[in-house]
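> To be precise about what I am sending: the file is called final.txt and holds compact mmCIF, C-alpha atoms.
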# COMPACT_ATOMS: atom_id res chain seq x y z
CA GLN A 1 15.79 -34.03 82.83
CA VAL A 2 19.18 -35.64 82.79
CA GLN A 3 21.06 -36.43 79.60
CA LEU A 4 23.92 -38.92 79.66
CA VAL A 5 26.84 -39.39 77.31
CA GLU A 6 29.22 -42.34 77.64
CA SER A 7 32.73 -42.43 76.28
CA GLY A 8 35.96 -44.35 76.68
CA GLY A 9 35.09 -47.58 74.94
CA GLY A 10 37.37 -49.17 72.41
CA SER A 11 39.26 -52.28 71.43
CA VAL A 12 41.85 -53.84 73.72
CA GLN A 13 43.56 -57.17 74.13
CA ALA A 14 42.70 -59.49 76.97
CA GLY A 15 44.36 -58.35 80.18
CA GLY A 16 44.18 -54.71 79.18
CA SER A 17 42.33 -51.80 80.75
CA LEU A 18 39.77 -49.20 79.78
CA ARG A 19 38.19 -46.32 81.64
CA LEU A 20 34.63 -45.45 80.76
CA SER A 21 33.04 -42.11 81.54
CA CYS A 22 29.39 -41.14 81.87
CA VAL A 23 28.92 -37.39 81.81
CA ALA A 24 25.61 -35.79 82.67
CA SER A 25 24.01 -32.59 81.49
CA GLY A 26 20.71 -30.96 82.33
CA ASN A 27 19.75 -31.54 85.96
CA THR A 28 23.26 -32.33 87.13
CA MET A 29 22.35 -31.85 90.78
CA ALA A 30 19.87 -34.70 90.50
CA PHE A 31 22.51 -36.82 88.76
CA ASN A 32 25.12 -36.15 91.42
CA THR A 33 22.79 -36.87 94.35
CA ASN A 34 21.19 -40.08 93.12
CA ALA A 35 22.26 -43.57 92.18
CA VAL A 36 24.07 -44.30 88.94
CA ALA A 37 24.78 -47.67 87.39
CA TRP A 38 26.69 -49.20 84.52
CA TYR A 39 25.05 -51.98 82.54
CA ARG A 40 26.26 -53.97 79.58
CA GLN A 41 24.69 -55.94 76.79
CA ALA A 42 26.49 -58.46 74.63
CA PRO A 43 25.05 -59.65 71.30
CA GLY A 44 22.23 -62.09 71.85
CA LYS A 45 22.27 -61.61 75.61
CA GLN A 46 20.17 -59.68 78.09
CA ARG A 47 21.36 -56.42 79.56
CA GLU A 48 23.10 -57.02 82.89
CA LEU A 49 24.21 -54.88 85.79
CA VAL A 50 27.95 -54.26 85.94
CA ALA A 51 28.32 -51.78 88.81
CA HIS A 52 26.21 -49.44 90.90
CA ILE A 53 27.00 -46.46 93.09
CA SER A 54 24.32 -45.26 95.48
CA GLU A 55 23.53 -41.70 96.44
CA ARG A 56 25.59 -42.29 99.59
CA GLY A 57 28.54 -43.79 97.75
CA SER A 58 27.86 -47.45 98.47
CA LEU A 59 29.22 -49.68 95.73
CA PHE A 60 27.82 -52.87 94.24
CA TYR A 61 29.22 -55.06 91.47
CA GLY A 62 28.00 -57.93 89.37
CA ASP A 63 29.43 -61.30 90.38
CA PHE A 64 31.45 -61.55 87.18
CA VAL A 65 33.43 -58.38 88.05
CA LYS A 66 35.48 -60.13 90.75
CA ASP A 67 37.53 -57.11 91.83
CA ARG A 68 38.49 -56.18 88.27
CA PHE A 69 36.32 -53.06 87.90
CA PHE A 70 35.87 -49.94 90.01
CA ILE A 71 32.99 -47.47 89.80
CA PHE A 72 33.58 -43.93 91.00
CA ARG A 73 31.91 -40.54 91.00
CA ASP A 74 33.33 -37.11 90.25
CA GLY A 75 30.69 -34.60 91.23
CA ALA A 76 32.72 -31.62 90.09
CA GLU A 77 32.73 -33.05 86.57
CA ASN A 78 29.15 -34.42 86.72
CA MET A 79 30.65 -37.77 85.88
CA VAL A 80 30.54 -41.38 86.97
CA GLY A 81 33.39 -43.51 85.71
CA LEU A 82 34.09 -47.21 85.41
CA GLN A 83 37.70 -48.33 85.59
CA MET A 84 38.02 -51.76 84.03
CA ASP A 85 41.19 -53.79 84.48
CA SER A 86 42.15 -57.36 83.58
CA LEU A 87 39.62 -57.34 80.78
CA LYS A 88 38.46 -60.64 79.36
CA VAL A 89 37.06 -61.58 75.97
CA GLU A 90 33.70 -62.16 77.65
CA ASP A 91 33.62 -58.50 78.74
CA THR A 92 32.94 -57.58 75.13
CA ALA A 93 29.64 -55.67 75.06
CA VAL A 94 28.02 -52.30 74.72
CA TYR A 95 28.24 -50.52 78.06
CA TYR A 96 25.45 -48.21 79.14
CA CYS A 97 25.16 -45.63 81.88
CA ASN A 98 21.91 -45.38 83.82
CA SER A 99 20.81 -42.66 86.21
CA HIS A 100 17.83 -42.89 88.55
CA TRP A 101 17.64 -39.17 89.09
CA GLY A 102 14.10 -38.96 90.45
CA PRO A 103 11.43 -41.06 92.19
CA SER A 104 10.13 -42.35 88.89
CA SER A 105 12.63 -40.87 86.49
CA GLU A 106 15.62 -42.43 84.85
CA SER A 107 17.88 -41.78 81.90
CA TRP A 108 20.09 -43.98 79.72
CA GLY A 109 23.06 -43.06 77.64
CA GLN A 110 23.56 -44.19 74.06
CA GLY A 111 26.19 -46.75 75.02
CA THR A 112 29.86 -47.24 74.27
CA GLN A 113 31.32 -50.34 72.64
CA VAL A 114 33.98 -52.36 74.44
CA THR A 115 35.70 -55.07 72.44
CA VAL A 116 38.26 -57.39 74.03
CA SER A 117 40.29 -59.69 71.80
CA SER A 118 42.36 -62.72 72.73
Could you write out this structure as structure tokens?

Amino acid sequence: QVQLVESGGGSVQAGGSLRLSCVASGNTMAFNTNAVAWYRQAPGKQRELVAHISERGSLFYGDFVKDRFFIFRDGAENMVGLQMDSLKVEDTAVYYCNSHWGPSSESWGQGTQVTVSS
């Protein structure tokens, strides 16, 4: 099993930055050798993919990111981070970490709130 804890959310003004962290416990080897993704969900909206890092380090971002965010992995810390710059009001959401750590196994964190004000 893999347990995930997100942190780093908060309130910032538009144009500001935040760095989110997703730290794994339990089967950290599985976490570090499989894909991890960040999703977000705003009130009244569906959950959407923000960024994804594959087991080989390939990166993928949602169209709305537009070079503002960067996903990265720190295997020594059992962590996948999300650096978010040039934040916009519409980035306001709860951000969740997701790990596909096995063929039919995945874990979600509890989420961290990001609020961007104008």
> Closest to Glu48 in chain A among A:Asp85, A:Pro103, A:Gly62, A:Leu20, using all atoms listed in the file?
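That would be A:Gly62, the residue with the smallest distance to Glu48 in chain A.
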> I'd like the neighbourhood of Trp108 in chain A as a list in words, where a residue qualifies if any of its atoms comes within 12 Å (using all atoms listed in the file), though same-chain residues fewer than 6 positions away should be ignored.
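Counting all atoms listed in the file, the residues come to Gln1, Val2, Gln3, Leu4, Val5, Glu6, Cys22, Val23, Ala24, Phe31, Val36, Ala37, Trp38, Tyr39, Arg40, Tyr95, Tyr96, Cys97, Asn98, Ser99, His100 and Trp101 of chain A.
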> Which neighbours of Ala14 in chain A fall inside 10 Å, counting all atoms listed in the file, when residues of the same chain fewer than 3 positions from it are skipped, and could you give them as an MDAnalysis selection string?
chainID A and resid 11 17 85:91 115:118
> Restricting the calculation to all atoms listed in the file, which member of A:Gln46, A:Thr28, A:Gln83, A:Ser104 is positioned closest to Phe70 in chain A?
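That would be A:Gln83, the residue with the smallest distance to Phe70 in chain A.
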> Please report the interatomic distance between CA of Gly75 in chain A and CA of His52 in chain A in Å with one decimal.
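Straight-line distance from CA of Gly75 in chain A to CA of His52 in chain A works out to 15.5 Å.
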> Rank nothing, just name the residue among A:Val12, A:Ala51, A:Ala35, A:Val80 nearest to Gly102 in chain A, using all atoms listed in the file.
A:Ala35
> Please measure the separation of CA of Arg68 in chain A and CA of Gln110 in chain A, giving the value in Å to one decimal.
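Rounded to one decimal, the two atoms are 23.8 Å apart.
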> Report, in Å with one decimal, the straight-line distance from CA of Arg56 in chain A to CA of Gly111 in chain A.
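CA of Gly111 in chain A lies 25.0 Å from CA of Arg56 in chain A.
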> Select, from A:Gly57, A:Gly8, A:Gly109, A:Gly16, the residue with the minimum atom-to-atom distance to Asn34 in chain A, counting all atoms listed in the file.
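Of A:Gly57, A:Gly8, A:Gly109, A:Gly16, the one nearest Asn34 in chain A is A:Gly57, counting all atoms listed in the file.
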> Can you pull out the residues contacting Pro43 in chain A? Cut-off 10 Å, using all atoms listed in the file, and skip same-chain residues under 3 positions away; I want them as a list of chain:residue names.
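Selected residues are A:Gln46, A:Arg47, A:Thr92, A:Ala93, A:Val94.
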> How about saving the chosen residues, C-alpha atoms kept, as a short mmCIF file (atom, residue, chain, number, x, y, z; two decimals), in the frame of the given file?

data_model
loop_
_atom_site.label_atom_id
_atom_site.label_comp_id
_atom_site.auth_asym_id
_atom_site.auth_seq_id
_atom_site.Cartn_x
_atom_site.Cartn_y
_atom_site.Cartn_z
CA GLN A 46 20.17 -59.68 78.09
CA ARG A 47 21.36 -56.42 79.56
CA THR A 92 32.94 -57.58 75.13
CA ALA A 93 29.64 -55.67 75.06
CA VAL A 94 28.02 -52.30 74.72
#
> Which one is closest to Leu59 in chain A: A:Ser107, A:Leu82, A:Ala76, A:Ala42? Count all atoms listed in the file.
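Comparing A:Ser107, A:Leu82, A:Ala76, A:Ala42 against Leu59 in chain A, the winner is A:Leu82.
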> Under the rule that only C-alpha atoms are counted, which of A:Met84, A:Gly44, A:Ser25, A:Glu77 is the nearest residue to Tyr61 in chain A?
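Nearest to Tyr61 in chain A: A:Met84.
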